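Written below as structure tokens is the structure these notes are about.
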Amino acid sequence: MSRFDWIFFDLDGTLTDPGEGITNSIRYAMERAGMTPWPREALYRFVGPPLLTEFQAAFGVDAAAADGLLRDFRVYFTRQGIFENQMYDGIPALLALLRAAGRRLGVATSKPEAFAVQILEHFGIAGYFDVVAGSGLDERTRATKRDVLARALTLAGEPDRSRAVLAGDRRHDVEGAQALGVYSLGVLYGYGSRAELTEAGADLLAETVPAVGEVLLA
């Protein structure tokens, strides 16, 4: 019998590749703030972590300036960036496989919950998930992956955490799972490196989308 009853997925960098939309939205916000936009590759650091915290760390700005960047980010993101996004090949087949094997599925993302639902519906995979948890629209409510995962566990009816796992591509996913006594699976096709996930202490690793299913059902 597999060790996991509940499988929670990060969204960005795990189920979908939102790199184009997120980086375009950040470049727009930087231009509005009078900043010289960074090259796209340098902006990939923003895919996954909570944006307000990452804006302050990356740009050296205070909370008020970070709020302004977030407001302008949202202008572009809600207009078009939300769908400048691609689902990773094999995700529907993976989700169907896990559901057929009797697993319960959830999403735990640092993206605002309302946006997460909209993206899942856009890609036609919302029906695979029993629960969807994300941050608040202010990105201060449930601002950490720990907070988001705690909400997901609550929505799931507080399952046995020793039989739950969070799959994600960044150290924040691993750290959130560790904080709540949940297993972590680092996916290596997203935006985090093997070194980042290993150093964070990921319990399991998967190189590809099909490998996620193999690991989770082993």
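So you can find residues: chains in the structure tokens are A, B, ... in the order shown, residues in each start at 1, and ligands are numbered from 1 in order.
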Hey, could you make a per-residue contact list for segment 75-108 of chain A against segment 158-180 of chain A with 12 Å as the cut-off, showing the nearest pair of atoms and its distance in Å to one decimal, counting only C-alpha atoms, sorted by chain and number, as a Markdown table?
```
| residue | atom | partner | partner_atom | distance |
| --- | --- | --- | --- | --- |
| A:Arg103 | CA | A:Ala164 | CA | 10.1 |
| A:Arg104 | CA | A:Ala164 | CA | 9.6 |
| A:Leu105 | CA | A:Ala164 | CA | 9.9 |
| A:Gly106 | CA | A:Leu166 | CA | 9.1 |
| A:Val107 | CA | A:Leu166 | CA | 8.8 |
| A:Ala108 | CA | A:Leu166 | CA | 8.0 |
```
Got a sec: who's within 10 Å of segment 54-66 of chain A, counting only C-alpha atoms, leaving out chain neighbours fewer than 3 positions off, as a VMD selection string?
-> chain A and resid 26 30 33 35 43 45 to 51 69 to 71
Would you please give, as an MDAnalysis selection string, all residues of segment 79-214 of chain A that DSSP assigns to helix (DSSP H, G or I) based on the backbone?
-> chainID A and resid 79 81:83 91:100 113:122 126:128 145:155 161:163 171:179 194:200 209:214
Min atom-atom distance to Gly90 of chain A from the set A:Ala150, A:Leu15, A:Val182, A:Val75, counting only C-alpha atoms, belongs to A:Leu15
Nearest to Leu217 of chain A, restricted to only C-alpha atoms and choosing among A:Asp138, A:Glu20, A:Glu113, A:Asp5, comes out as A:Asp5
Just the residues within 8 Å of Thr109 of chain A, please, counting only C-alpha atoms, with nothing from its chain fewer than 6 positions along; format it as a PDB file with all heavy atoms, in the first residue's frame.
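Generated file (around_32.pdb):
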```pdb
ATOM      1  N   PHE A   9      -0.527  19.587  -4.132  1.00  0.00           N
ATOM      2  CA  PHE A   9       0.367  20.103  -5.163  1.00  0.00           C
ATOM      3  C   PHE A   9       0.503  21.616  -5.050  1.00  0.00           C
ATOM      4  O   PHE A   9      -0.499  22.325  -4.884  1.00  0.00           O
ATOM      5  CB  PHE A   9      -0.174  19.788  -6.563  1.00  0.00           C
ATOM      6  CG  PHE A   9      -0.053  18.353  -6.970  1.00  0.00           C
ATOM      7  CD1 PHE A   9      -1.087  17.463  -6.712  1.00  0.00           C
ATOM      8  CD2 PHE A   9       1.082  17.899  -7.619  1.00  0.00           C
ATOM      9  CE1 PHE A   9      -0.985  16.128  -7.094  1.00  0.00           C
ATOM     10  CE2 PHE A   9       1.190  16.565  -7.998  1.00  0.00           C
ATOM     11  CZ  PHE A   9       0.163  15.678  -7.739  1.00  0.00           C
ATOM     12  N   ASP A  10       1.729  22.081  -5.154  1.00  0.00           N
ATOM     13  CA  ASP A  10       1.972  23.483  -5.464  1.00  0.00           C
ATOM     14  C   ASP A  10       1.417  23.721  -6.875  1.00  0.00           C
ATOM     15  O   ASP A  10       1.223  22.772  -7.641  1.00  0.00           O
ATOM     16  CB  ASP A  10       3.485  23.729  -5.404  1.00  0.00           C
ATOM     17  CG  ASP A  10       3.891  25.111  -5.842  1.00  0.00           C
ATOM     18  OD1 ASP A  10       3.218  26.085  -5.446  1.00  0.00           O
ATOM     19  OD2 ASP A  10       4.891  25.229  -6.581  1.00  0.00           O
ATOM     20  N   LEU A  11       1.187  24.973  -7.236  1.00  0.00           N
ATOM     21  CA  LEU A  11       0.645  25.278  -8.566  1.00  0.00           C
ATOM     22  C   LEU A  11       1.749  25.742  -9.515  1.00  0.00           C
ATOM     23  O   LEU A  11       2.099  25.053 -10.474  1.00  0.00           O
ATOM     24  CB  LEU A  11      -0.458  26.331  -8.450  1.00  0.00           C
ATOM     25  CG  LEU A  11      -1.101  26.793  -9.761  1.00  0.00           C
ATOM     26  CD1 LEU A  11      -1.707  25.629 -10.531  1.00  0.00           C
ATOM     27  CD2 LEU A  11      -2.164  27.865  -9.481  1.00  0.00           C
ATOM     28  N   ASP A  12       2.322  26.918  -9.235  1.00  0.00           N
ATOM     29  CA  ASP A  12       3.335  27.489 -10.123  1.00  0.00           C
ATOM     30  C   ASP A  12       4.619  26.665 -10.084  1.00  0.00           C
ATOM     31  O   ASP A  12       5.203  26.446  -9.022  1.00  0.00           O
ATOM     32  CB  ASP A  12       3.652  28.928  -9.714  1.00  0.00           C
ATOM     33  CG  ASP A  12       2.495  29.881  -9.951  1.00  0.00           C
ATOM     34  OD1 ASP A  12       1.543  29.496 -10.650  1.00  0.00           O
ATOM     35  OD2 ASP A  12       2.550  31.021  -9.442  1.00  0.00           O
ATOM     36  N   ALA A 116      -5.882  30.949  -8.273  1.00  0.00           N
ATOM     37  CA  ALA A 116      -5.581  29.521  -8.431  1.00  0.00           C
ATOM     38  C   ALA A 116      -6.788  28.766  -8.987  1.00  0.00           C
ATOM     39  O   ALA A 116      -6.657  27.957  -9.910  1.00  0.00           O
ATOM     40  CB  ALA A 116      -5.150  28.924  -7.095  1.00  0.00           C
ATOM     41  N   ALA A 133      -6.278  25.586  -1.773  1.00  0.00           N
ATOM     42  CA  ALA A 133      -5.924  26.588  -0.772  1.00  0.00           C
ATOM     43  C   ALA A 133      -4.840  27.500  -1.334  1.00  0.00           C
ATOM     44  O   ALA A 133      -3.902  27.037  -1.983  1.00  0.00           O
ATOM     45  CB  ALA A 133      -5.421  25.915   0.503  1.00  0.00           C
ATOM     46  N   GLY A 134      -4.997  28.794  -1.092  1.00  0.00           N
ATOM     47  CA  GLY A 134      -4.005  29.771  -1.533  1.00  0.00           C
ATOM     48  C   GLY A 134      -3.949  30.922  -0.567  1.00  0.00           C
ATOM     49  O   GLY A 134      -4.601  30.920   0.485  1.00  0.00           O
ATOM     50  N   SER A 135      -3.185  31.941  -0.921  1.00  0.00           N
ATOM     51  CA  SER A 135      -3.098  33.125  -0.081  1.00  0.00           C
ATOM     52  C   SER A 135      -4.343  33.979  -0.266  1.00  0.00           C
ATOM     53  O   SER A 135      -5.174  33.725  -1.150  1.00  0.00           O
ATOM     54  CB  SER A 135      -1.849  33.941  -0.445  1.00  0.00           C
ATOM     55  OG  SER A 135      -1.994  34.510  -1.736  1.00  0.00           O
ATOM     56  N   LYS A 145       3.975  29.426   2.909  1.00  0.00           N
ATOM     57  CA  LYS A 145       3.508  28.109   2.460  1.00  0.00           C
ATOM     58  C   LYS A 145       2.987  27.295   3.637  1.00  0.00           C
ATOM     59  O   LYS A 145       2.063  26.497   3.484  1.00  0.00           O
ATOM     60  CB  LYS A 145       4.633  27.377   1.722  1.00  0.00           C
ATOM     61  CG  LYS A 145       4.241  26.035   1.112  1.00  0.00           C
ATOM     62  CD  LYS A 145       2.973  26.090   0.245  1.00  0.00           C
ATOM     63  CE  LYS A 145       3.122  26.854  -1.043  1.00  0.00           C
ATOM     64  NZ  LYS A 145       3.544  26.092  -2.181  1.00  0.00           N
ATOM     65  N   VAL A 148      -0.591  28.363   4.040  1.00  0.00           N
ATOM     66  CA  VAL A 148      -1.423  27.847   2.954  1.00  0.00           C
ATOM     67  C   VAL A 148      -1.680  26.352   3.137  1.00  0.00           C
ATOM     68  O   VAL A 148      -2.807  25.873   2.987  1.00  0.00           O
ATOM     69  CB  VAL A 148      -0.745  28.125   1.596  1.00  0.00           C
ATOM     70  CG1 VAL A 148      -1.457  27.354   0.491  1.00  0.00           C
ATOM     71  CG2 VAL A 148      -0.739  29.606   1.288  1.00  0.00           C
ATOM     72  N   LEU A 149      -0.625  25.615   3.476  1.00  0.00           N
ATOM     73  CA  LEU A 149      -0.780  24.171   3.670  1.00  0.00           C
ATOM     74  C   LEU A 149      -1.667  23.876   4.876  1.00  0.00           C
ATOM     75  O   LEU A 149      -2.464  22.922   4.847  1.00  0.00           O
ATOM     76  CB  LEU A 149       0.587  23.514   3.824  1.00  0.00           C
ATOM     77  CG  LEU A 149       0.595  21.985   3.975  1.00  0.00           C
ATOM     78  CD1 LEU A 149      -0.124  21.310   2.822  1.00  0.00           C
ATOM     79  CD2 LEU A 149       2.017  21.467   4.113  1.00  0.00           C
TER      80      LEU A 149
END
```
Which of A:Ile82, A:Ile22, A:Ala114, A:Leu120 sits closest to Leu137 of chain A [using only C-alpha atoms] = A:Ala114
